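**Q** Structure file start_1.txt (compact mmCIF, N, CA and C atoms) is given on the next line.
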# COMPACT_ATOMS: atom_id res chain seq x y z
N MET A 25 124.10 38.63 120.19
CA MET A 25 124.53 39.97 120.00
C MET A 25 124.37 40.42 118.54
N LYS A 26 124.70 39.49 117.61
CA LYS A 26 124.56 39.81 116.21
C LYS A 26 123.10 40.07 115.86
N ARG A 27 122.24 39.36 116.49
CA ARG A 27 120.81 39.49 116.23
C ARG A 27 120.30 40.87 116.65
N ILE A 28 120.74 41.37 117.80
CA ILE A 28 120.31 42.67 118.30
C ILE A 28 120.85 43.78 117.40
N THR A 29 122.09 43.64 116.97
CA THR A 29 122.69 44.64 116.09
C THR A 29 121.95 44.69 114.76
N LYS A 30 121.64 43.51 114.20
CA LYS A 30 120.89 43.47 112.94
C LYS A 30 119.52 44.13 113.12
N LEU A 31 118.85 43.82 114.22
CA LEU A 31 117.53 44.38 114.48
C LEU A 31 117.59 45.91 114.62
N LEU A 32 118.59 46.44 115.33
CA LEU A 32 118.75 47.88 115.48
C LEU A 32 119.04 48.56 114.13
N LEU A 33 119.87 47.95 113.31
CA LEU A 33 120.16 48.51 111.99
C LEU A 33 118.91 48.54 111.11
N ILE A 34 118.10 47.51 111.18
CA ILE A 34 116.86 47.47 110.39
C ILE A 34 115.89 48.55 110.88
N VAL A 35 115.76 48.69 112.20
CA VAL A 35 114.85 49.69 112.75
C VAL A 35 115.30 51.11 112.37
N PHE A 36 116.60 51.41 112.56
CA PHE A 36 117.11 52.73 112.21
C PHE A 36 117.00 52.99 110.71
N GLY A 37 117.22 52.00 109.90
CA GLY A 37 117.13 52.15 108.44
C GLY A 37 115.71 52.47 108.00
N THR A 38 114.72 51.76 108.57
CA THR A 38 113.34 52.04 108.21
C THR A 38 112.89 53.40 108.72
N VAL A 39 113.38 53.79 109.90
CA VAL A 39 113.02 55.11 110.43
C VAL A 39 113.57 56.20 109.50
N LEU A 40 114.80 56.04 109.06
CA LEU A 40 115.39 57.04 108.16
C LEU A 40 114.69 57.06 106.81
N LEU A 41 114.30 55.91 106.28
CA LEU A 41 113.62 55.85 104.99
C LEU A 41 112.21 56.40 105.07
N VAL A 42 111.47 56.02 106.09
CA VAL A 42 110.07 56.40 106.20
C VAL A 42 109.91 57.79 106.78
N GLY A 43 110.47 58.06 107.92
CA GLY A 43 110.23 59.31 108.63
C GLY A 43 111.24 60.38 108.36
N GLY A 44 112.44 60.02 108.05
CA GLY A 44 113.49 61.01 107.87
C GLY A 44 113.92 61.56 109.21
N THR A 45 114.89 62.45 109.19
CA THR A 45 115.39 63.03 110.44
C THR A 45 114.68 64.31 110.80
N GLY A 46 113.93 64.87 109.87
CA GLY A 46 113.23 66.13 110.15
C GLY A 46 114.05 67.35 109.79
N VAL A 47 115.36 67.20 109.68
CA VAL A 47 116.22 68.33 109.34
C VAL A 47 115.99 68.77 107.91
N THR A 48 115.84 67.80 107.00
CA THR A 48 115.65 68.15 105.60
C THR A 48 114.31 68.85 105.38
N ALA A 49 113.28 68.45 106.11
CA ALA A 49 111.97 69.07 105.95
C ALA A 49 112.01 70.52 106.43
N GLN A 50 112.71 70.78 107.50
CA GLN A 50 112.77 72.14 108.02
C GLN A 50 113.58 73.05 107.10
N THR A 51 114.66 72.55 106.55
CA THR A 51 115.45 73.41 105.68
C THR A 51 114.70 73.71 104.38
N SER A 52 113.91 72.76 103.88
CA SER A 52 113.17 73.03 102.65
C SER A 52 112.06 74.04 102.90
N GLN A 53 111.43 74.02 104.08
CA GLN A 53 110.42 75.03 104.40
C GLN A 53 111.05 76.40 104.52
N ALA A 54 112.22 76.47 105.10
CA ALA A 54 112.89 77.75 105.25
C ALA A 54 113.33 78.29 103.89
N ALA A 55 113.70 77.41 102.99
CA ALA A 55 114.14 77.85 101.68
C ALA A 55 112.98 78.39 100.84
N THR A 56 111.77 77.84 101.02
CA THR A 56 110.63 78.28 100.22
C THR A 56 109.90 79.45 100.86
N HIS A 57 110.20 79.81 102.09
CA HIS A 57 109.52 80.91 102.77
C HIS A 57 109.94 82.23 102.15
N LYS A 58 108.95 83.07 101.76
CA LYS A 58 109.23 84.37 101.17
C LYS A 58 108.89 85.45 102.20
N THR A 59 109.73 86.44 102.28
CA THR A 59 109.44 87.54 103.19
C THR A 59 108.58 88.57 102.49
N ALA A 60 107.72 89.22 103.23
CA ALA A 60 106.82 90.23 102.68
C ALA A 60 107.61 91.50 102.38
N LYS A 61 107.25 92.15 101.28
CA LYS A 61 107.92 93.39 100.89
C LYS A 61 107.34 94.54 101.71
N LYS A 62 108.22 95.38 102.24
CA LYS A 62 107.77 96.50 103.06
C LYS A 62 107.11 97.55 102.17
N VAL A 63 105.98 98.07 102.62
CA VAL A 63 105.25 99.09 101.87
C VAL A 63 106.00 100.40 101.98
N LYS A 64 106.22 101.05 100.82
CA LYS A 64 106.95 102.30 100.81
C LYS A 64 106.00 103.43 100.42
N TRP A 65 105.89 104.41 101.29
CA TRP A 65 105.08 105.60 101.03
C TRP A 65 105.97 106.66 100.41
N HIS A 66 105.49 107.30 99.34
CA HIS A 66 106.21 108.35 98.65
C HIS A 66 105.53 109.69 98.93
N LYS A 67 106.30 110.75 98.97
CA LYS A 67 105.75 112.07 99.24
C LYS A 67 105.09 112.64 97.99
N GLY A 68 103.94 113.28 98.15
CA GLY A 68 103.24 113.91 97.03
C GLY A 68 102.22 112.97 96.40
N THR A 69 101.91 113.21 95.13
CA THR A 69 100.94 112.39 94.38
C THR A 69 101.64 111.78 93.17
N PRO A 70 101.17 110.65 92.67
CA PRO A 70 101.80 110.06 91.49
C PRO A 70 101.51 110.88 90.23
N LYS A 71 102.49 110.96 89.34
CA LYS A 71 102.34 111.76 88.12
C LYS A 71 101.22 111.23 87.24
N ALA A 72 100.97 109.94 87.29
CA ALA A 72 99.97 109.33 86.41
C ALA A 72 98.55 109.82 86.68
N VAL A 73 98.25 110.25 87.90
CA VAL A 73 96.87 110.64 88.23
C VAL A 73 96.71 112.15 88.43
N ARG A 74 97.76 112.93 88.24
CA ARG A 74 97.64 114.37 88.44
C ARG A 74 96.76 114.99 87.36
N GLY A 75 95.97 115.99 87.76
CA GLY A 75 95.12 116.68 86.81
C GLY A 75 93.83 117.14 87.45
N TYR A 76 92.92 117.61 86.59
CA TYR A 76 91.62 118.13 87.01
C TYR A 76 90.56 117.21 86.45
N TYR A 77 89.74 116.60 87.31
CA TYR A 77 88.74 115.62 86.91
C TYR A 77 87.37 116.02 87.45
N GLU A 78 86.33 115.64 86.71
CA GLU A 78 84.97 115.85 87.20
C GLU A 78 84.05 114.76 86.66
N THR A 79 82.92 114.54 87.39
CA THR A 79 81.92 113.58 86.96
C THR A 79 80.86 114.29 86.14
N LYS A 80 80.11 113.52 85.39
CA LYS A 80 78.97 114.08 84.68
C LYS A 80 77.86 114.31 85.70
N PRO A 81 77.07 115.37 85.55
CA PRO A 81 75.97 115.60 86.50
C PRO A 81 74.96 114.45 86.44
N ASP A 82 74.47 114.04 87.61
CA ASP A 82 73.46 112.97 87.65
C ASP A 82 72.07 113.55 87.40
N ALA A 83 71.04 112.77 87.63
CA ALA A 83 69.67 113.21 87.35
C ALA A 83 69.27 114.44 88.17
N ALA A 84 69.83 114.58 89.35
CA ALA A 84 69.52 115.73 90.19
C ALA A 84 70.41 116.93 89.90
N GLY A 85 71.35 116.76 88.98
CA GLY A 85 72.24 117.85 88.62
C GLY A 85 73.46 117.97 89.52
N LEU A 86 73.74 116.95 90.32
CA LEU A 86 74.88 116.97 91.24
C LEU A 86 76.12 116.41 90.55
N ALA A 87 77.27 117.01 90.81
CA ALA A 87 78.53 116.57 90.22
C ALA A 87 79.63 116.67 91.27
N SER A 88 80.77 116.04 90.98
CA SER A 88 81.94 116.08 91.86
C SER A 88 83.17 116.46 91.05
N GLN A 89 84.16 117.03 91.72
CA GLN A 89 85.40 117.42 91.06
C GLN A 89 86.59 117.09 91.94
N TYR A 90 87.69 116.69 91.31
CA TYR A 90 88.97 116.48 91.97
C TYR A 90 90.03 117.27 91.24
N LYS A 91 90.90 117.94 91.99
CA LYS A 91 92.11 118.54 91.45
C LYS A 91 93.26 117.88 92.19
N ILE A 92 94.03 117.10 91.46
CA ILE A 92 95.16 116.40 92.06
C ILE A 92 96.42 117.06 91.54
N ARG A 93 97.14 117.70 92.44
CA ARG A 93 98.38 118.39 92.10
C ARG A 93 99.55 117.64 92.70
N ALA A 94 100.76 118.15 92.50
CA ALA A 94 101.96 117.46 92.95
C ALA A 94 101.99 117.25 94.47
N ARG A 95 101.54 118.23 95.24
CA ARG A 95 101.61 118.13 96.70
C ARG A 95 100.27 118.34 97.39
N SER A 96 99.16 118.31 96.63
CA SER A 96 97.86 118.55 97.27
C SER A 96 96.74 117.85 96.50
N VAL A 97 95.64 117.63 97.20
CA VAL A 97 94.42 117.07 96.63
C VAL A 97 93.28 118.00 97.03
N TRP A 98 92.45 118.39 96.06
CA TRP A 98 91.31 119.26 96.30
C TRP A 98 90.06 118.52 95.81
N TYR A 99 88.98 118.51 96.63
CA TYR A 99 87.75 117.81 96.28
C TYR A 99 86.56 118.73 96.51
N TRP A 100 85.58 118.65 95.60
CA TRP A 100 84.35 119.41 95.75
C TRP A 100 83.19 118.57 95.23
N HIS A 101 82.07 118.62 95.95
CA HIS A 101 80.82 117.97 95.53
C HIS A 101 79.72 119.01 95.62
N SER A 102 78.76 118.94 94.72
CA SER A 102 77.69 119.94 94.65
C SER A 102 77.04 120.18 96.00
N GLY A 103 77.00 121.44 96.41
CA GLY A 103 76.34 121.81 97.66
C GLY A 103 77.17 121.58 98.90
N MET A 104 78.39 121.06 98.77
CA MET A 104 79.24 120.78 99.93
C MET A 104 80.43 121.73 99.93
N PRO A 105 81.06 121.95 101.09
CA PRO A 105 82.25 122.80 101.12
C PRO A 105 83.45 122.09 100.46
N ASP A 106 84.41 122.89 100.02
CA ASP A 106 85.63 122.34 99.43
C ASP A 106 86.43 121.58 100.48
N ILE A 107 87.15 120.56 100.03
CA ILE A 107 88.05 119.82 100.91
C ILE A 107 89.45 119.98 100.34
N THR A 108 90.34 120.58 101.10
CA THR A 108 91.72 120.72 100.68
C THR A 108 92.58 119.78 101.53
N SER A 109 93.85 119.67 101.19
CA SER A 109 94.68 118.68 101.87
C SER A 109 96.07 119.22 102.18
N SER A 110 96.76 118.50 103.05
CA SER A 110 98.17 118.72 103.33
C SER A 110 98.79 117.38 103.71
N HIS A 111 100.09 117.32 103.77
CA HIS A 111 100.82 116.09 104.12
C HIS A 111 100.37 114.92 103.23
N VAL A 112 100.56 115.06 101.93
CA VAL A 112 100.08 114.07 100.96
C VAL A 112 101.17 113.04 100.71
N TYR A 113 100.80 111.77 100.79
CA TYR A 113 101.68 110.65 100.50
C TYR A 113 100.91 109.63 99.67
N TYR A 114 101.64 108.78 98.92
CA TYR A 114 100.98 107.73 98.15
C TYR A 114 101.84 106.47 98.14
N ARG A 115 101.18 105.36 97.85
CA ARG A 115 101.88 104.10 97.61
C ARG A 115 101.20 103.39 96.46
N SER A 116 101.97 102.62 95.74
CA SER A 116 101.47 101.95 94.55
C SER A 116 100.89 100.59 94.92
N LEU A 117 99.75 100.25 94.31
CA LEU A 117 99.14 98.94 94.51
C LEU A 117 99.28 98.06 93.27
N GLY A 118 99.79 98.60 92.19
CA GLY A 118 99.91 97.89 90.93
C GLY A 118 99.89 98.88 89.80
N HIS A 119 99.61 98.40 88.60
CA HIS A 119 99.62 99.25 87.42
C HIS A 119 98.49 100.27 87.48
N HIS A 120 98.83 101.54 87.64
CA HIS A 120 97.89 102.67 87.71
C HIS A 120 96.88 102.53 88.85
N ARG A 121 97.27 101.88 89.95
CA ARG A 121 96.44 101.77 91.15
C ARG A 121 97.25 102.33 92.32
N TYR A 122 96.64 103.25 93.04
CA TYR A 122 97.36 103.93 94.12
C TYR A 122 96.46 104.13 95.32
N VAL A 123 97.09 104.26 96.48
CA VAL A 123 96.43 104.74 97.69
C VAL A 123 97.07 106.08 98.00
N ILE A 124 96.24 107.12 98.07
CA ILE A 124 96.72 108.46 98.41
C ILE A 124 96.25 108.78 99.81
N ARG A 125 97.19 109.12 100.68
CA ARG A 125 96.88 109.42 102.08
C ARG A 125 97.20 110.88 102.35
N TYR A 126 96.27 111.58 103.00
CA TYR A 126 96.47 113.00 103.28
C TYR A 126 95.65 113.42 104.47
N ASN A 127 95.98 114.61 105.00
CA ASN A 127 95.18 115.24 106.04
C ASN A 127 94.18 116.16 105.36
N ALA A 128 92.90 115.92 105.57
CA ALA A 128 91.84 116.70 104.91
C ALA A 128 91.46 117.89 105.79
N HIS A 129 91.37 119.07 105.14
CA HIS A 129 90.94 120.29 105.81
C HIS A 129 89.60 120.68 105.21
N TRP A 130 88.55 120.72 106.00
CA TRP A 130 87.21 121.04 105.51
C TRP A 130 86.89 122.47 105.85
N TYR A 131 86.31 123.15 104.91
CA TYR A 131 85.86 124.52 105.14
C TYR A 131 84.34 124.52 105.28
N GLY A 132 83.79 125.58 105.80
CA GLY A 132 82.35 125.69 105.92
C GLY A 132 81.81 125.13 107.21
N GLY A 133 82.58 125.21 108.29
CA GLY A 133 82.07 124.80 109.59
C GLY A 133 82.21 123.32 109.90
N ARG A 134 82.96 122.59 109.12
CA ARG A 134 83.12 121.16 109.39
C ARG A 134 84.57 120.87 109.77
N GLY A 135 84.78 119.85 110.55
CA GLY A 135 86.12 119.47 110.98
C GLY A 135 86.84 118.67 109.92
N GLY A 136 88.13 118.51 110.06
CA GLY A 136 88.94 117.76 109.10
C GLY A 136 89.13 116.31 109.53
N GLN A 137 89.96 115.61 108.78
CA GLN A 137 90.24 114.22 109.07
C GLN A 137 91.72 113.96 108.83
N LYS A 138 92.38 113.29 109.75
CA LYS A 138 93.80 113.02 109.63
C LYS A 138 94.02 111.65 108.99
N ASN A 139 95.02 111.55 108.14
CA ASN A 139 95.39 110.31 107.45
C ASN A 139 94.23 109.69 106.68
N TYR A 140 93.51 110.50 105.94
CA TYR A 140 92.42 110.02 105.09
C TYR A 140 93.03 109.27 103.91
N GLU A 141 92.53 108.07 103.61
CA GLU A 141 93.06 107.27 102.51
C GLU A 141 92.06 107.21 101.37
N LEU A 142 92.56 107.41 100.17
CA LEU A 142 91.75 107.45 98.97
C LEU A 142 92.35 106.45 97.97
N ASP A 143 91.57 105.45 97.56
CA ASP A 143 92.01 104.48 96.56
C ASP A 143 91.70 105.04 95.18
N VAL A 144 92.71 105.10 94.32
CA VAL A 144 92.57 105.68 93.00
C VAL A 144 93.04 104.68 91.96
N HIS A 145 92.25 104.53 90.88
CA HIS A 145 92.60 103.64 89.78
C HIS A 145 92.40 104.39 88.48
N LYS A 146 93.46 104.53 87.71
CA LYS A 146 93.39 105.24 86.43
C LYS A 146 93.04 104.22 85.35
N ILE A 147 91.90 104.43 84.68
CA ILE A 147 91.43 103.54 83.62
C ILE A 147 91.42 104.35 82.34
N GLY A 148 92.43 104.15 81.51
CA GLY A 148 92.58 104.97 80.31
C GLY A 148 92.87 106.40 80.73
N LYS A 149 92.03 107.34 80.32
CA LYS A 149 92.18 108.73 80.75
C LYS A 149 91.30 109.06 81.94
N LYS A 150 90.37 108.15 82.28
CA LYS A 150 89.43 108.41 83.37
C LYS A 150 89.99 107.92 84.70
N LEU A 151 89.37 108.39 85.77
CA LEU A 151 89.82 108.10 87.12
C LEU A 151 88.69 107.46 87.90
N LYS A 152 88.95 106.32 88.52
CA LYS A 152 87.99 105.64 89.38
C LYS A 152 88.45 105.83 90.81
N VAL A 153 87.59 106.43 91.63
CA VAL A 153 87.92 106.74 93.02
C VAL A 153 87.05 105.87 93.92
N SER A 154 87.64 105.35 95.01
CA SER A 154 86.93 104.41 95.89
C SER A 154 85.70 105.03 96.54
N SER A 155 85.71 106.34 96.79
CA SER A 155 84.61 106.97 97.51
C SER A 155 83.44 107.36 96.60
N ASP A 156 83.56 107.16 95.29
CA ASP A 156 82.51 107.59 94.36
C ASP A 156 82.24 106.47 93.36
N LYS A 157 80.98 106.27 93.00
CA LYS A 157 80.61 105.21 92.06
C LYS A 157 80.85 105.59 90.61
N GLN A 158 80.85 106.90 90.31
CA GLN A 158 81.02 107.36 88.94
C GLN A 158 82.49 107.49 88.58
N LEU A 159 82.77 107.47 87.26
CA LEU A 159 84.11 107.72 86.78
C LEU A 159 84.34 109.22 86.62
N PHE A 160 85.52 109.67 86.96
CA PHE A 160 85.88 111.07 86.80
C PHE A 160 86.59 111.24 85.46
N SER A 161 86.09 112.15 84.63
CA SER A 161 86.69 112.42 83.33
C SER A 161 87.63 113.62 83.44
N PRO A 162 88.72 113.63 82.66
CA PRO A 162 89.62 114.79 82.71
C PRO A 162 88.98 116.03 82.11
N VAL A 163 89.31 117.18 82.65
CA VAL A 163 88.78 118.45 82.18
C VAL A 163 89.96 119.27 81.69
N LYS A 164 89.82 119.83 80.50
CA LYS A 164 90.87 120.70 79.98
C LYS A 164 90.75 122.08 80.62
N THR A 165 91.82 122.57 81.16
CA THR A 165 91.83 123.91 81.74
C THR A 165 92.53 124.86 80.78
N HIS A 166 92.06 126.08 80.73
CA HIS A 166 92.64 127.05 79.79
C HIS A 166 93.70 127.87 80.43
Since I need it in another form, could you write the structure as structure tokens?
**A**
Amino acid sequence: MKRITKLLLIVFGTVLLVGGTGVTAQTSQAATHKTAKKVKWHKGTPKAVRGYYETKPDAAGLASQYKIRARSVWYWHSGMPDITSSHVYYRSLGHHRYVIRYNAHWYGGRGGQKNYELDVHKIGKKLKVSSDKQLFSPVKTH
């Protein structure tokens, strides 16, 4: 009987030392698990990117313009109809990086687009927009 008891104690001891009970491993995984932060959309446009911006004309003389106001976004490209917006929201992606979401209203016989997303990155005073390869420079209005 003593022999069986000794053998059981040795087996249980090695199991606890080598494998553990599994409870400690689960609690440590739960303690290190981080929950994702919920994305918060804000109404309007961020103050950092508001203003009137335009690109330099390319070789063909084509240019683009953005007017970003508190509650609206206006876009124009050479030879194309103006695009105005409503229901403007934004969320921050980091330092001077934003996603602006709005309903686009197209004039000139074209349809609009709902929940259009525009990635905007402010680099110094210039604006980098996801839909355009050129940088938009600020324009002084009188």
**Q** Excluding Arg93 in chain A and residues on its chain fewer than 4 positions from it, collect all residues at most 7 Å away from it, counting all atoms listed in the file, and give them as an mmCIF file with N, CA and C atoms, keeping the file's coordinate frame.
**A**
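Saved file out.cif follows:
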data_model
loop_
_atom_site.group_PDB
_atom_site.id
_atom_site.type_symbol
_atom_site.label_atom_id
_atom_site.label_comp_id
_atom_site.auth_asym_id
_atom_site.auth_seq_id
_atom_site.Cartn_x
_atom_site.Cartn_y
_atom_site.Cartn_z
ATOM 1 N N GLY A 68 103.940 113.280 98.150
ATOM 2 C CA GLY A 68 103.240 113.910 97.030
ATOM 3 C C GLY A 68 102.220 112.970 96.400
ATOM 4 N N THR A 69 101.910 113.210 95.130
ATOM 5 C CA THR A 69 100.940 112.390 94.380
ATOM 6 C C THR A 69 101.640 111.780 93.170
ATOM 7 N N VAL A 73 98.250 110.250 87.900
ATOM 8 C CA VAL A 73 96.870 110.640 88.230
ATOM 9 C C VAL A 73 96.710 112.150 88.430
ATOM 10 N N ARG A 74 97.760 112.930 88.240
ATOM 11 C CA ARG A 74 97.640 114.370 88.440
ATOM 12 C C ARG A 74 96.760 114.990 87.360
ATOM 13 N N GLY A 75 95.970 115.990 87.760
ATOM 14 C CA GLY A 75 95.120 116.680 86.810
ATOM 15 C C GLY A 75 93.830 117.140 87.450
ATOM 16 N N VAL A 97 95.640 117.630 97.200
ATOM 17 C CA VAL A 97 94.420 117.070 96.630
ATOM 18 C C VAL A 97 93.280 118.000 97.030
ATOM 19 N N TRP A 98 92.450 118.390 96.060
ATOM 20 C CA TRP A 98 91.310 119.260 96.300
ATOM 21 C C TRP A 98 90.060 118.520 95.810
#
**Q** Given all atoms listed in the file as the basis, pick out the residue of A:Tyr77, A:Pro105, A:Lys67, A:Ile34 nearest to Val163 in chain A.
**A** A:Tyr77
**Q** As a list of chain:residue names, please: every residue in chain A that DSSP puts in alpha helix (DSSP H).
**A** A:Lys26, A:Arg27, A:Ile28, A:Thr29, A:Lys30, A:Leu31, A:Leu32, A:Leu33, A:Ile34, A:Val35, A:Phe36, A:Gly37, A:Thr38, A:Val39, A:Leu40, A:Leu41, A:Val42, A:Val47, A:Thr48, A:Ala49, A:Gln50, A:Thr51, A:Ser52, A:Gln53, A:Ala54, A:Ala55, A:Thr56
**Q** Give me, please, the distance in Å between atom N of Ala60 in chain A and CA of Ser116 in chain A, quoted to one decimal.
**A** 16.6 Å
**Q** When you count all atoms listed in the file, which of these residues is closest to Tyr113 in chain A: A:Gln137, A:His66, A:Thr79, A:Thr29?
**A**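 For Tyr113 in chain A, the nearest of the given residues is A:His66.
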**Q** Please compute the atom C of Thr108 in chain A-CA of Gly85 in chain A distance, one decimal, in Å.
**A** 24.2 Å
**Q** Which residue, A:Pro162, A:Ala84, A:Asp156, A:Tyr126, has the smallest gap to Gly103 in chain A when you use only C-alpha atoms?
**A** A:Ala84
